[in-house]
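S.K.: Provided herewith: work-v4.txt, compact mmCIF, C-alpha atoms.
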```txt
# COMPACT_ATOMS: atom_id res chain seq x y z
CA MET A 69 -22.66 -15.34 35.47
CA THR A 70 -19.51 -16.07 37.49
CA THR A 71 -16.59 -13.66 37.69
CA THR A 72 -14.48 -15.99 35.52
CA GLU A 73 -17.20 -16.19 32.83
CA ALA A 74 -17.55 -12.40 32.85
CA SER A 75 -13.80 -12.01 32.55
CA ARG A 76 -13.69 -14.56 29.77
CA ASP A 77 -16.40 -12.73 27.86
CA VAL A 78 -14.57 -9.44 28.29
CA VAL A 79 -11.26 -10.95 27.16
CA PHE A 80 -12.93 -12.56 24.14
CA ALA A 81 -14.52 -9.25 23.15
CA GLU A 82 -11.18 -7.47 23.45
CA ILE A 83 -9.32 -10.08 21.39
CA ALA A 84 -12.08 -10.00 18.77
CA GLY A 85 -11.71 -6.22 18.64
CA MET A 86 -7.96 -6.51 18.12
CA LEU A 87 -8.50 -9.07 15.36
CA ARG A 88 -10.99 -6.77 13.64
CA LYS A 89 -8.39 -4.01 13.77
CA VAL A 90 -5.78 -6.27 12.14
CA LEU A 91 -8.29 -7.44 9.53
CA ALA A 92 -9.40 -3.87 8.77
CA GLU A 93 -5.78 -2.98 7.90
CA LEU A 94 -5.88 -5.86 5.43
CA GLY A 95 -9.15 -4.51 3.94
CA VAL A 96 -11.31 -7.22 5.51
CA ASP A 97 -14.51 -6.10 7.27
CA ASP A 98 -17.61 -7.72 8.63
CA VAL A 99 -16.17 -11.07 9.69
CA GLU A 100 -17.84 -13.37 12.21
CA ILE A 101 -15.48 -14.21 15.06
CA THR A 102 -16.20 -16.86 17.69
CA GLU A 103 -13.95 -18.79 20.06
CA LEU A 104 -13.82 -21.54 17.43
CA THR A 105 -12.54 -19.22 14.72
CA SER A 106 -9.08 -20.22 13.56
CA PHE A 107 -6.53 -17.55 12.71
CA ASN A 108 -5.32 -19.05 9.49
CA GLU A 109 -8.09 -21.22 8.08
CA ASP A 110 -11.00 -18.91 8.92
CA LEU A 111 -9.42 -15.46 9.06
CA GLU A 112 -6.55 -16.13 6.60
CA LEU A 113 -4.09 -14.36 8.89
CA GLU A 114 -0.37 -14.87 8.36
CA SER A 115 2.30 -15.17 11.02
CA ILE A 116 3.20 -11.50 10.52
CA ASP A 117 -0.37 -10.59 11.55
CA LEU A 118 0.11 -12.58 14.76
CA VAL A 119 3.11 -10.37 15.48
CA THR A 120 0.79 -7.34 15.24
CA LEU A 121 -1.62 -9.10 17.60
CA THR A 122 1.12 -9.69 20.17
CA ALA A 123 1.93 -5.96 20.13
CA LEU A 124 -1.76 -5.01 20.52
CA ALA A 125 -2.15 -7.46 23.41
CA THR A 126 0.88 -6.10 25.29
CA ASP A 127 -0.24 -2.51 24.65
CA HIS A 128 -3.68 -3.30 26.12
CA TRP A 129 -2.91 -5.65 29.02
CA GLY A 130 0.76 -4.90 29.69
CA GLU A 131 3.67 -7.23 30.38
CA PRO A 132 1.74 -10.08 32.09
CA VAL A 133 0.11 -10.92 28.75
CA ASN A 134 3.14 -11.87 26.68
CA LEU A 135 1.65 -13.49 23.59
CA ALA A 136 5.08 -13.80 21.98
CA GLU A 137 6.19 -15.96 24.92
CA PHE A 138 3.06 -18.11 24.60
CA LEU A 139 3.61 -18.56 20.88
CA ALA A 140 7.37 -19.24 21.20
CA ASP A 141 6.57 -22.43 23.02
CA LYS A 142 4.87 -23.84 19.94
CA ASP A 143 5.99 -24.92 16.50
CA LEU A 144 5.05 -22.52 13.72
CA ASP A 145 2.45 -24.93 12.29
CA GLU A 146 0.77 -25.15 15.72
CA VAL A 147 0.74 -21.34 15.84
CA ILE A 148 -1.01 -21.10 12.49
CA ALA A 149 -3.62 -23.67 13.64
CA LEU A 150 -4.54 -21.71 16.77
CA LYS A 151 -8.13 -20.68 17.46
CA VAL A 152 -9.39 -17.54 19.16
CA GLY A 153 -10.43 -19.62 22.18
CA ASP A 154 -6.82 -20.74 22.69
CA LEU A 155 -5.76 -17.11 23.00
CA VAL A 156 -8.66 -16.35 25.35
CA ASP A 157 -7.54 -19.26 27.56
CA PHE A 158 -4.00 -17.90 27.66
CA VAL A 159 -4.98 -14.29 28.42
CA VAL A 160 -7.46 -15.27 31.16
CA ALA A 161 -4.80 -17.45 32.81
CA ALA A 162 -2.10 -14.78 32.47
CA LEU A 163 -4.35 -12.14 34.01
CA ALA A 164 -5.31 -14.48 36.85
CA ARG A 165 -1.61 -15.13 37.58
CA ALA A 166 -0.98 -11.38 37.61
CA GLY A 167 -3.93 -10.89 39.95
CA GLY A 168 -5.94 -9.02 37.36
CA MET B 255 7.67 -0.60 17.98
CA GLY B 256 5.85 -0.20 14.66
CA LYS B 257 7.17 1.71 11.72
CA ILE B 258 10.22 3.91 11.24
CA VAL B 259 11.80 5.40 8.12
CA ALA B 260 15.29 4.11 7.43
CA ASN B 261 17.13 4.73 4.15
CA GLY B 262 13.86 6.03 2.70
CA ILE B 263 11.98 2.80 3.50
CA ASN B 264 9.05 2.81 5.94
CA THR B 265 10.35 -0.16 7.93
CA HIS B 266 8.20 -2.39 10.14
CA TYR B 267 10.10 -3.43 13.24
CA GLN B 268 9.44 -4.87 16.67
CA ARG B 269 11.44 -4.47 19.81
CA MET B 270 11.52 -6.47 23.06
CA ASP B 271 13.57 -5.17 25.97
CA ALA B 272 15.74 -7.48 28.04
CA LYS B 273 13.92 -8.79 31.10
CA GLY B 274 15.31 -8.84 34.61
CA VAL B 275 18.24 -6.53 33.84
CA ASP B 276 18.72 -2.90 32.93
CA PRO B 277 18.15 -2.93 29.15
CA LEU B 278 20.73 -0.16 28.73
CA SER B 279 23.48 -2.45 29.98
CA ALA B 280 22.23 -5.64 28.28
CA PRO B 281 23.50 -6.95 24.94
CA THR B 282 21.26 -6.45 21.89
CA VAL B 283 20.52 -8.87 19.06
CA VAL B 284 19.11 -7.76 15.73
CA PHE B 285 17.22 -10.50 13.90
CA ILE B 286 17.42 -10.40 10.08
CA HIS B 287 15.07 -12.73 8.20
CA GLY B 288 15.42 -14.34 4.75
CA LEU B 289 13.90 -13.78 1.35
CA GLY B 290 10.63 -14.66 -0.30
CA THR B 291 7.79 -15.60 2.01
CA ASP B 292 9.81 -14.79 5.13
CA SER B 293 9.24 -11.87 7.53
CA LEU B 294 10.29 -10.87 11.04
CA ALA B 295 7.67 -13.33 12.31
CA SER B 296 9.99 -16.33 11.79
CA PHE B 297 12.28 -14.88 14.47
CA TYR B 298 9.74 -12.93 16.54
CA LEU B 299 7.37 -15.83 17.15
CA THR B 300 10.19 -18.28 17.99
CA LEU B 301 13.25 -16.67 19.54
CA ALA B 302 12.31 -13.12 20.63
CA ALA B 303 10.54 -13.87 23.92
CA PRO B 304 12.99 -16.49 25.28
CA VAL B 305 15.99 -14.36 24.25
CA ALA B 306 14.52 -11.28 25.98
CA ALA B 307 13.72 -13.43 29.03
CA ALA B 308 17.41 -14.39 29.08
CA GLY B 309 18.38 -10.72 29.60
CA ILE B 310 19.09 -9.78 25.97
CA ASN B 311 17.44 -6.90 24.07
CA VAL B 312 15.74 -7.93 20.83
CA ILE B 313 15.14 -5.98 17.64
CA ALA B 314 13.54 -7.60 14.57
CA TYR B 315 12.58 -5.89 11.34
CA ASP B 316 11.02 -6.66 7.97
CA LEU B 317 13.39 -6.33 5.00
CA ARG B 318 12.27 -4.05 2.20
CA GLY B 319 9.77 -5.87 0.00
CA HIS B 320 8.80 -8.20 2.85
CA GLY B 321 6.34 -8.38 5.73
CA ARG B 322 4.88 -4.97 6.50
CA SER B 323 7.82 -2.84 5.29
CA ASP B 324 7.62 -0.80 2.11
CA CYS B 325 7.84 -2.68 -1.19
CA PRO B 326 9.24 -0.22 -3.76
CA ASP B 327 9.34 -1.19 -7.44
CA THR B 328 13.12 -0.86 -7.65
CA GLY B 329 16.13 -0.88 -5.36
CA TYR B 330 16.70 -4.52 -4.40
CA THR B 331 20.42 -4.97 -4.77
CA PHE B 332 22.07 -6.74 -1.88
CA GLN B 333 23.73 -3.38 -1.12
CA HIS B 334 20.33 -1.75 -0.59
CA PHE B 335 19.57 -4.27 2.16
CA VAL B 336 22.92 -3.62 3.86
CA ASP B 337 22.38 0.14 3.66
CA ASP B 338 18.87 -0.31 5.11
CA LEU B 339 20.33 -2.10 8.14
CA CYS B 340 22.98 0.59 8.60
CA ALA B 341 20.28 3.28 8.49
CA LEU B 342 17.94 1.37 10.83
CA LEU B 343 20.63 1.03 13.50
CA ASP B 344 21.33 4.76 13.14
CA VAL B 345 17.70 5.88 13.49
CA LEU B 346 17.18 3.52 16.44
CA ALA B 347 20.26 5.17 17.99
CA MET B 348 22.05 1.89 18.63
CA ARG B 349 25.21 3.26 20.20
CA GLY B 350 26.96 0.04 21.12
CA PRO B 351 27.98 -3.00 19.10
CA VAL B 352 25.04 -5.31 18.36
CA HIS B 353 24.84 -9.04 17.66
CA LEU B 354 23.46 -9.65 14.17
CA VAL B 355 21.46 -12.88 13.86
CA GLY B 356 20.67 -13.60 10.23
CA ASN B 357 18.77 -16.44 8.60
CA SER B 358 19.73 -17.34 5.01
CA PHE B 359 19.84 -14.05 3.03
CA GLY B 360 19.54 -12.24 6.36
CA GLY B 361 22.89 -13.69 7.38
CA THR B 362 24.46 -12.41 4.18
CA VAL B 363 23.15 -8.93 5.03
CA ALA B 364 24.71 -9.32 8.48
CA PHE B 365 28.11 -10.13 6.95
CA GLY B 366 27.75 -7.18 4.59
CA HIS B 367 27.11 -4.84 7.50
CA ALA B 368 30.01 -6.23 9.55
CA PHE B 369 32.25 -5.71 6.51
CA ALA B 370 31.04 -2.08 6.17
CA ARG B 371 30.95 -1.20 9.89
CA PRO B 372 32.90 -3.76 11.93
CA TRP B 373 32.85 -1.51 14.99
CA GLN B 374 29.05 -1.77 15.14
CA VAL B 375 28.94 -5.58 15.22
CA ALA B 376 29.77 -7.54 18.35
CA SER B 377 29.19 -10.88 16.62
CA ILE B 378 27.31 -12.60 13.82
CA VAL B 379 25.10 -15.63 14.26
CA SER B 380 24.75 -16.98 10.76
CA ILE B 381 21.91 -19.49 10.28
CA GLU B 382 22.10 -21.43 7.02
CA SER B 383 23.87 -18.47 5.49
CA GLU B 384 27.13 -17.21 3.99
CA PRO B 385 28.97 -13.94 3.30
CA PRO B 386 28.45 -11.93 0.09
CA THR B 387 31.26 -13.25 -2.10
CA GLN B 388 31.59 -13.66 -5.86
CA PRO B 389 30.59 -17.34 -5.70
CA TRP B 390 27.59 -16.37 -3.54
CA SER B 391 26.58 -13.72 -6.08
CA ALA B 392 26.82 -16.21 -8.95
CA ARG B 393 24.76 -18.80 -7.06
CA MET B 394 22.20 -16.14 -6.10
CA ARG B 395 21.83 -15.10 -9.76
CA GLN B 396 21.15 -18.72 -10.73
CA ALA B 397 18.74 -19.21 -7.83
CA MET B 398 16.76 -16.04 -8.59
CA ASP B 399 16.47 -16.93 -12.29
CA TYR B 400 15.36 -20.45 -11.39
CA MET B 401 12.81 -19.23 -8.86
CA ALA B 402 11.39 -16.69 -11.30
CA GLU B 403 10.95 -19.44 -13.88
CA GLN B 404 9.36 -21.87 -11.42
CA LEU B 405 6.97 -19.32 -9.97
CA SER B 406 5.70 -18.37 -13.41
CA THR B 407 3.85 -21.64 -13.79
CA GLU B 408 0.54 -22.45 -12.11
CA GLN B 409 1.61 -26.07 -11.61
CA THR B 410 4.22 -24.91 -9.08
CA PHE B 411 1.48 -23.53 -6.80
CA VAL B 412 -0.70 -26.61 -7.31
CA ASP B 413 2.22 -28.81 -6.26
CA LEU B 414 3.03 -26.54 -3.31
CA GLU B 415 -0.54 -26.72 -2.09
CA ALA B 416 -0.56 -30.50 -2.37
CA GLN B 417 2.75 -30.78 -0.53
CA ASN B 418 2.61 -28.01 2.08
CA GLY B 419 -1.02 -26.87 2.23
CA ALA B 420 -3.07 -23.95 0.97
CA HIS B 421 -1.47 -21.47 3.37
CA HIS B 422 2.05 -21.99 2.01
CA ALA B 423 0.80 -21.89 -1.59
CA LYS B 424 -0.93 -18.57 -0.91
CA LEU B 425 2.26 -17.11 0.61
CA ALA B 426 4.22 -18.31 -2.42
CA ARG B 427 1.78 -16.58 -4.78
CA LYS B 428 2.28 -13.31 -2.90
CA ALA B 429 6.06 -13.71 -3.07
CA ALA B 430 5.83 -14.45 -6.79
CA ALA B 431 3.77 -11.32 -7.38
CA LYS B 432 6.50 -9.27 -5.72
CA LEU B 433 9.20 -10.90 -7.85
CA TYR B 434 7.42 -9.95 -11.05
CA SER B 435 6.39 -6.44 -10.02
CA THR B 436 9.83 -5.36 -8.77
CA THR B 437 13.45 -5.49 -9.92
CA MET B 438 14.28 -8.05 -7.20
CA VAL B 439 15.33 -10.87 -9.54
CA ALA B 440 17.88 -8.80 -11.48
CA ASP B 441 19.06 -6.71 -8.54
CA LEU B 442 19.69 -9.10 -5.67
CA PRO B 443 23.15 -10.49 -6.52
CA GLU B 444 24.60 -6.97 -6.96
CA GLY B 445 26.50 -5.13 -4.24
CA ARG B 446 29.83 -4.74 -2.45
CA LEU B 447 31.21 -8.27 -2.38
CA MET B 448 33.87 -9.66 -0.06
CA SER B 449 37.11 -11.18 -1.33
CA ALA B 450 38.92 -14.10 0.27
CA GLU B 451 41.23 -11.59 1.94
CA ASP B 452 38.24 -9.62 3.26
CA LEU B 453 36.85 -12.80 4.81
CA ARG B 454 40.19 -13.71 6.34
CA THR B 455 40.61 -10.30 7.93
CA LEU B 456 37.00 -9.85 9.16
CA PRO B 457 37.46 -9.47 12.92
CA THR B 458 33.84 -10.28 13.88
CA PRO B 459 33.31 -13.50 15.85
CA VAL B 460 30.90 -15.77 13.96
CA LEU B 461 28.67 -18.60 15.15
CA HIS B 462 27.67 -20.58 12.06
CA ILE B 463 24.56 -22.75 12.53
CA LEU B 464 23.74 -25.22 9.77
CA GLY B 465 21.23 -27.95 9.13
CA GLY B 466 22.98 -31.24 8.40
CA GLU B 467 20.87 -31.52 5.27
CA GLY B 468 20.91 -27.80 4.47
CA LEU B 469 22.54 -25.80 1.72
CA GLN B 470 26.11 -26.33 2.93
CA GLY B 471 25.77 -29.94 3.99
CA GLU B 472 28.54 -31.11 1.68
CA ASP B 473 31.23 -28.90 3.22
CA PRO B 474 29.91 -27.49 6.51
CA HIS B 475 33.31 -26.20 7.66
CA ALA B 476 34.14 -24.16 4.56
CA LEU B 477 33.24 -20.88 6.27
CA GLU B 478 35.36 -21.73 9.30
CA ARG B 479 38.36 -22.14 6.99
CA ALA B 480 37.66 -18.82 5.24
CA LEU B 481 37.16 -16.72 8.39
CA SER B 482 39.63 -16.15 11.21
CA ASN B 483 37.10 -16.40 14.06
CA CYS B 484 34.25 -18.79 13.29
CA ARG B 485 32.65 -21.70 15.11
CA THR B 486 30.34 -24.10 13.25
CA VAL B 487 27.49 -26.10 14.75
CA VAL B 488 25.70 -28.61 12.55
CA LEU B 489 22.21 -29.69 13.64
CA ALA B 490 21.75 -33.21 12.30
CA GLY B 491 18.52 -34.06 10.53
CA GLN B 492 17.69 -30.41 9.82
CA ASP B 493 17.56 -28.68 6.46
CA HIS B 494 17.48 -25.05 5.32
CA SER B 495 14.42 -24.42 7.56
CA VAL B 496 16.43 -25.12 10.71
CA LEU B 497 15.49 -21.78 12.34
CA VAL B 498 11.79 -22.56 12.29
CA ASP B 499 11.94 -26.36 12.63
CA ALA B 500 14.52 -26.42 15.43
CA HIS B 501 14.05 -23.02 17.05
CA ARG B 502 14.50 -24.39 20.58
CA LYS B 503 17.91 -25.79 19.62
CA VAL B 504 18.86 -22.53 17.91
CA ARG B 505 17.85 -20.63 21.06
CA GLU B 506 20.02 -22.94 23.20
CA LEU B 507 23.01 -22.07 21.02
CA LEU B 508 22.28 -18.36 20.62
CA ILE B 509 21.77 -17.31 24.24
CA PRO B 510 25.09 -18.54 25.71
CA TRP B 511 26.91 -17.33 22.59
CA VAL B 512 25.66 -13.76 23.01
CA ARG B 513 26.27 -13.81 26.76
CA GLY B 514 29.76 -15.18 26.26
CA ILE B 515 30.96 -12.60 23.73
CA HIS B 516 32.93 -9.95 25.56
CA THR B 517 32.45 -6.55 23.99
CA ASP B 518 35.11 -4.85 26.03
CA VAL B 519 37.58 -5.41 23.24
CA PRO B 520 39.48 -2.10 23.02
CA TRP B 521 39.20 -1.59 19.26
CA ILE B 522 35.39 -1.94 19.35
CA ASN B 523 34.83 0.50 22.21
CA ALA B 524 37.31 3.07 20.96
CA ALA B 525 35.77 3.13 17.51
CA ALA B 526 32.21 3.26 18.85
CA ASP B 527 33.07 6.21 21.09
CA ALA B 528 34.64 8.07 18.20
CA ARG B 529 31.54 7.81 16.06
CA ALA B 530 28.69 9.75 17.62
CA LEU B 531 25.61 8.18 16.08
CA THR B 532 22.81 10.65 15.54
CA ALA B 533 19.18 9.66 15.49
CA GLU B 534 17.28 11.34 12.69
CA HIS B 535 14.02 9.89 11.60
CA VAL B 536 11.01 11.15 9.81
CA ALA B 537 7.78 9.61 11.01
```
Take the structure in the file and write it out as structure tokens.

M.R.:
Amino acid sequence: MTTTEASRDVVFAEIAGMLRKVLAELGVDDVEITELTSFNEDLELESIDLVTLTALATDHWGEPVNLAEFLADKDLDEVIALKVGDLVDFVVAALARAGG
Amino acid sequence: MGKIVANGINTHYQRMDAKGVDPLSAPTVVFIHGLGTDSLASFYLTLAAPVAAAGINVIAYDLRGHGRSDCPDTGYTFQHFVDDLCALLDVLAMRGPVHLVGNSFGGTVAFGHAFARPWQVASIVSIESEPPTQPWSARMRQAMDYMAEQLSTEQTFVDLEAQNGAHHAKLARKAAAKLYSTTMVADLPEGRLMSAEDLRTLPTPVLHILGGEGLQGEDPHALERALSNCRTVVLAGQDHSVLVDAHRKVRELLIPWVRGIHTDVPWINAAADARALTAEHVA
């Protein structure tokens, strides 16, 4: 396994953990999450839940991982259509830029 | 970031400090969203990051009955929302004038706050919005009654799903449930309204952003005539959803506006100094 693959796996696991935390607050447990899972269609998350996710991401990885900045570049419909893998891509790239 | 009690409401808010400058010396915008299915997300996921990157502090919060803030059964007059904003700025210890950026009903709350505490407001950016006047109150009463009637029929949600997708229909169902389980419909138009004279003498600079096909398309400069310091920008081809549909354009208007407002106007600073704001909050 290359360093990038290991990092990607770690990032995916961390994002999945954050999503489970958000879902648990909404009373949803035991959900399968893969990189193909979509936030709205599969997890039924609303835009307000993505705000919670941005806060969790910054708390965990710090300023280099600015999800709000990533999402601000998109139209709201694109944001709702995002998949977990899209977020993993962004976080891996942001960490690489920050040297992490 | 998170939750804070303001005016008895456990209020969900998010904060983003200005980047590249000392946040303590940077201007601050407070984003105020609209009614119904709206929440702080419509501002936070569009404008917050670029505005903070431009050296401006950002605060966004969920109105009572919306997003992740408390949803009490009663207490939804327009005045309650203005009092909530007053209390939130107090508990967040906002000591200088802030720029209020309000979308639709959020803009009306902004005007209400500037009317109550002009020394706390450096400017208003009103997006598809208007001040709380008697005509506004009458129109709001009609709109709330109409919405309550429409949302009581299943066909409305079927049509919404066909037109805008399952996600929007689901959000509308949630909003409808709130309408029927609270006093929102009856309460909203009530509060301290502004007269024509109040509008004329409001000192706050206003940037009025409208969609060309929005709610005020027929007379987009009416507010300019009513206020003494108002600039109107009409975004052609946009409707009431201009904030979300044209957020990049809104950002391009907002950032230079905030930067360009000079808050060293003597009457603002003198009044702010005289009122020592205390921060009391109960977690």

S.K.: The centre and edge lengths of an axis-aligned box containing all atoms of range 134-148 of chain A present in the file, extended by 5 Å on each side, are to be given in Å to one decimal, as lines of an AutoDock Vina configuration file.

M.R.:
```
center_x = 3.2
center_y = -18.5
center_z = 19.5
size_x = 18.4
size_y = 23.3
size_z = 24.4
```

S.K.: Just need the residues of chain B within 8 Å of chain A, counting all atoms listed in the file, so spit them out as a list in words.

M.R.: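 Going by the stated atoms only, the list reads Ser293, Leu294, Ala295, Ser296, Tyr298, Leu299, Thr300, Leu301, Ala302, Ala303, Pro304, Gly321, Arg322, His421, Val498 and Asp499 of chain B.
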
S.K.: At a cut-off of 7 Å, using all atoms listed in the file, what residues contact range 395-407 of chain B? Leave out same-chain residues fewer than 6 positions from it and give the result as a list in words.

M.R.: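 With the cut-off at 7 Å, the set is Ala430, Val439 and Pro443 of chain B.
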
S.K.: Counting all atoms listed in the file, figure out which residue out of A:Val99, A:Leu91, A:Leu104, A:Ala84 gets nearest to Asp154 in chain A.

M.R.: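 The shortest atom-to-atom distance to Asp154 in chain A comes from A:Leu104.
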
S.K.: Write out as a list in words the residues lying within 9 Å of Gly319 in chain B, counting only C-alpha atoms and excluding same-chain residues fewer than 3 positions away.

M.R.: Gly290, Asp316, Arg322, Ser323, Asp324, Cys325, Pro326, Asp327, Tyr330, Lys432, Thr436 and Met438 of chain B

S.K.: For the selection just defined, write its residues with C-alpha atoms to a file, as a PDB file, in the frame of the given file.

M.R.:
```pdb
ATOM      1  CA  GLY B 290      10.630 -14.660  -0.300  1.00  0.00           C
ATOM      2  CA  ASP B 316      11.020  -6.660   7.970  1.00  0.00           C
ATOM      3  CA  ARG B 322       4.880  -4.970   6.500  1.00  0.00           C
ATOM      4  CA  SER B 323       7.820  -2.840   5.290  1.00  0.00           C
ATOM      5  CA  ASP B 324       7.620  -0.800   2.110  1.00  0.00           C
ATOM      6  CA  CYS B 325       7.840  -2.680  -1.190  1.00  0.00           C
ATOM      7  CA  PRO B 326       9.240  -0.220  -3.760  1.00  0.00           C
ATOM      8  CA  ASP B 327       9.340  -1.190  -7.440  1.00  0.00           C
ATOM      9  CA  TYR B 330      16.700  -4.520  -4.400  1.00  0.00           C
ATOM     10  CA  LYS B 432       6.500  -9.270  -5.720  1.00  0.00           C
ATOM     11  CA  THR B 436       9.830  -5.360  -8.770  1.00  0.00           C
ATOM     12  CA  MET B 438      14.280  -8.050  -7.200  1.00  0.00           C
TER      13      MET B 438
END
```

S.K.: From the list A:Ile101, A:Met86, A:Val96, A:Val133, which residue is nearest Gly153 in chain A when using only C-alpha atoms?

M.R.: A:Ile101

S.K.: Need the shell around Ala272 in chain B: protein/DNA/RNA residues with any atom at most 12 Å away, counting all atoms listed in the file. Skip same-chain ones fewer than 6 positions apart. Format as a PyMOL selection string?

M.R.: chain B and resi 278-283+302-313

S.K.: Thr102 in chain A: which residues within 9 Å, counting only C-alpha atoms, same-chain residues fewer than 3 positions away excluded, as a list of chain:residue names?

M.R.: A:Phe80, A:Ala84, A:Thr105, A:Ser106, A:Lys151, A:Val152, A:Gly153

S.K.: (-1.7, -10.0, 35.7) in this file's frame - what residues fall within 9 Å of it? Use all atoms listed in the file and give the answer as a list in words.

M.R.: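 Nearby residues: Trp129, Gly130, Glu131, Pro132, Val133, Ala161, Ala162, Leu163, Ala164, Arg165, Ala166, Gly167 and Gly168 of chain A.
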
S.K.: What gap, in Å, lies between CA of Gly360 in chain B and CA of Gly288 in chain B?

M.R.: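 Atom-to-atom, CA of Gly360 in chain B to CA of Gly288 in chain B, that is 4.9 Å.
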
S.K.: Would you mind completing range 459-479 of chain B to N, CA and C atoms and writing the output as a PDB file, in the frame of the given file?

M.R.:
```pdb
ATOM      1  N   PRO B 459      33.521 -12.092  15.502  1.00  0.00           N
ATOM      2  CA  PRO B 459      33.310 -13.500  15.850  1.00  0.00           C
ATOM      3  C   PRO B 459      32.017 -14.003  15.217  1.00  0.00           C
ATOM      4  N   VAL B 460      32.058 -15.221  14.673  1.00  0.00           N
ATOM      5  CA  VAL B 460      30.900 -15.770  13.960  1.00  0.00           C
ATOM      6  C   VAL B 460      30.522 -17.122  14.540  1.00  0.00           C
ATOM      7  N   LEU B 461      29.227 -17.289  14.831  1.00  0.00           N
ATOM      8  CA  LEU B 461      28.670 -18.600  15.150  1.00  0.00           C
ATOM      9  C   LEU B 461      27.852 -19.026  13.936  1.00  0.00           C
ATOM     10  N   HIS B 462      28.248 -20.135  13.337  1.00  0.00           N
ATOM     11  CA  HIS B 462      27.670 -20.580  12.060  1.00  0.00           C
ATOM     12  C   HIS B 462      26.818 -21.805  12.329  1.00  0.00           C
ATOM     13  N   ILE B 463      25.490 -21.659  12.239  1.00  0.00           N
ATOM     14  CA  ILE B 463      24.560 -22.750  12.530  1.00  0.00           C
ATOM     15  C   ILE B 463      24.013 -23.298  11.222  1.00  0.00           C
ATOM     16  N   LEU B 464      24.189 -24.592  11.018  1.00  0.00           N
ATOM     17  CA  LEU B 464      23.740 -25.220   9.770  1.00  0.00           C
ATOM     18  C   LEU B 464      22.848 -26.416  10.052  1.00  0.00           C
ATOM     19  N   GLY B 465      21.949 -26.687   9.111  1.00  0.00           N
ATOM     20  CA  GLY B 465      21.230 -27.950   9.130  1.00  0.00           C
ATOM     21  C   GLY B 465      22.110 -28.988   8.440  1.00  0.00           C
ATOM     22  N   GLY B 466      22.144 -30.187   8.991  1.00  0.00           N
ATOM     23  CA  GLY B 466      22.980 -31.240   8.400  1.00  0.00           C
ATOM     24  C   GLY B 466      22.613 -31.541   6.962  1.00  0.00           C
ATOM     25  N   GLU B 467      21.326 -31.303   6.638  1.00  0.00           N
ATOM     26  CA  GLU B 467      20.870 -31.520   5.270  1.00  0.00           C
ATOM     27  C   GLU B 467      20.519 -30.191   4.598  1.00  0.00           C
ATOM     28  N   GLY B 468      21.171 -29.127   5.029  1.00  0.00           N
ATOM     29  CA  GLY B 468      20.910 -27.800   4.470  1.00  0.00           C
ATOM     30  C   GLY B 468      21.769 -27.505   3.257  1.00  0.00           C
ATOM     31  N   LEU B 469      21.883 -26.203   2.963  1.00  0.00           N
ATOM     32  CA  LEU B 469      22.540 -25.800   1.720  1.00  0.00           C
ATOM     33  C   LEU B 469      24.034 -26.053   1.713  1.00  0.00           C
ATOM     34  N   GLN B 470      24.657 -26.151   2.896  1.00  0.00           N
ATOM     35  CA  GLN B 470      26.110 -26.330   2.930  1.00  0.00           C
ATOM     36  C   GLN B 470      26.492 -27.686   3.508  1.00  0.00           C
ATOM     37  N   GLY B 471      25.551 -28.627   3.387  1.00  0.00           N
ATOM     38  CA  GLY B 471      25.770 -29.940   3.990  1.00  0.00           C
ATOM     39  C   GLY B 471      27.007 -30.655   3.501  1.00  0.00           C
ATOM     40  N   GLU B 472      27.407 -30.377   2.249  1.00  0.00           N
ATOM     41  CA  GLU B 472      28.540 -31.110   1.680  1.00  0.00           C
ATOM     42  C   GLU B 472      29.879 -30.651   2.269  1.00  0.00           C
ATOM     43  N   ASP B 473      29.970 -29.405   2.645  1.00  0.00           N
ATOM     44  CA  ASP B 473      31.230 -28.900   3.220  1.00  0.00           C
ATOM     45  C   ASP B 473      30.888 -27.904   4.333  1.00  0.00           C
ATOM     46  N   PRO B 474      30.403 -28.383   5.461  1.00  0.00           N
ATOM     47  CA  PRO B 474      29.910 -27.490   6.510  1.00  0.00           C
ATOM     48  C   PRO B 474      30.989 -26.619   7.155  1.00  0.00           C
ATOM     49  N   HIS B 475      32.259 -26.970   6.980  1.00  0.00           N
ATOM     50  CA  HIS B 475      33.310 -26.200   7.660  1.00  0.00           C
ATOM     51  C   HIS B 475      34.038 -25.245   6.723  1.00  0.00           C
ATOM     52  N   ALA B 476      33.488 -25.044   5.532  1.00  0.00           N
ATOM     53  CA  ALA B 476      34.140 -24.160   4.560  1.00  0.00           C
ATOM     54  C   ALA B 476      34.267 -22.741   5.104  1.00  0.00           C
ATOM     55  N   LEU B 477      33.201 -22.256   5.763  1.00  0.00           N
ATOM     56  CA  LEU B 477      33.240 -20.880   6.270  1.00  0.00           C
ATOM     57  C   LEU B 477      34.264 -20.737   7.393  1.00  0.00           C
ATOM     58  N   GLU B 478      34.363 -21.742   8.216  1.00  0.00           N
ATOM     59  CA  GLU B 478      35.360 -21.730   9.300  1.00  0.00           C
ATOM     60  C   GLU B 478      36.765 -21.562   8.731  1.00  0.00           C
ATOM     61  N   ARG B 479      37.036 -22.226   7.608  1.00  0.00           N
ATOM     62  CA  ARG B 479      38.360 -22.140   6.990  1.00  0.00           C
ATOM     63  C   ARG B 479      38.594 -20.748   6.404  1.00  0.00           C
TER      64      ARG B 479
END
```
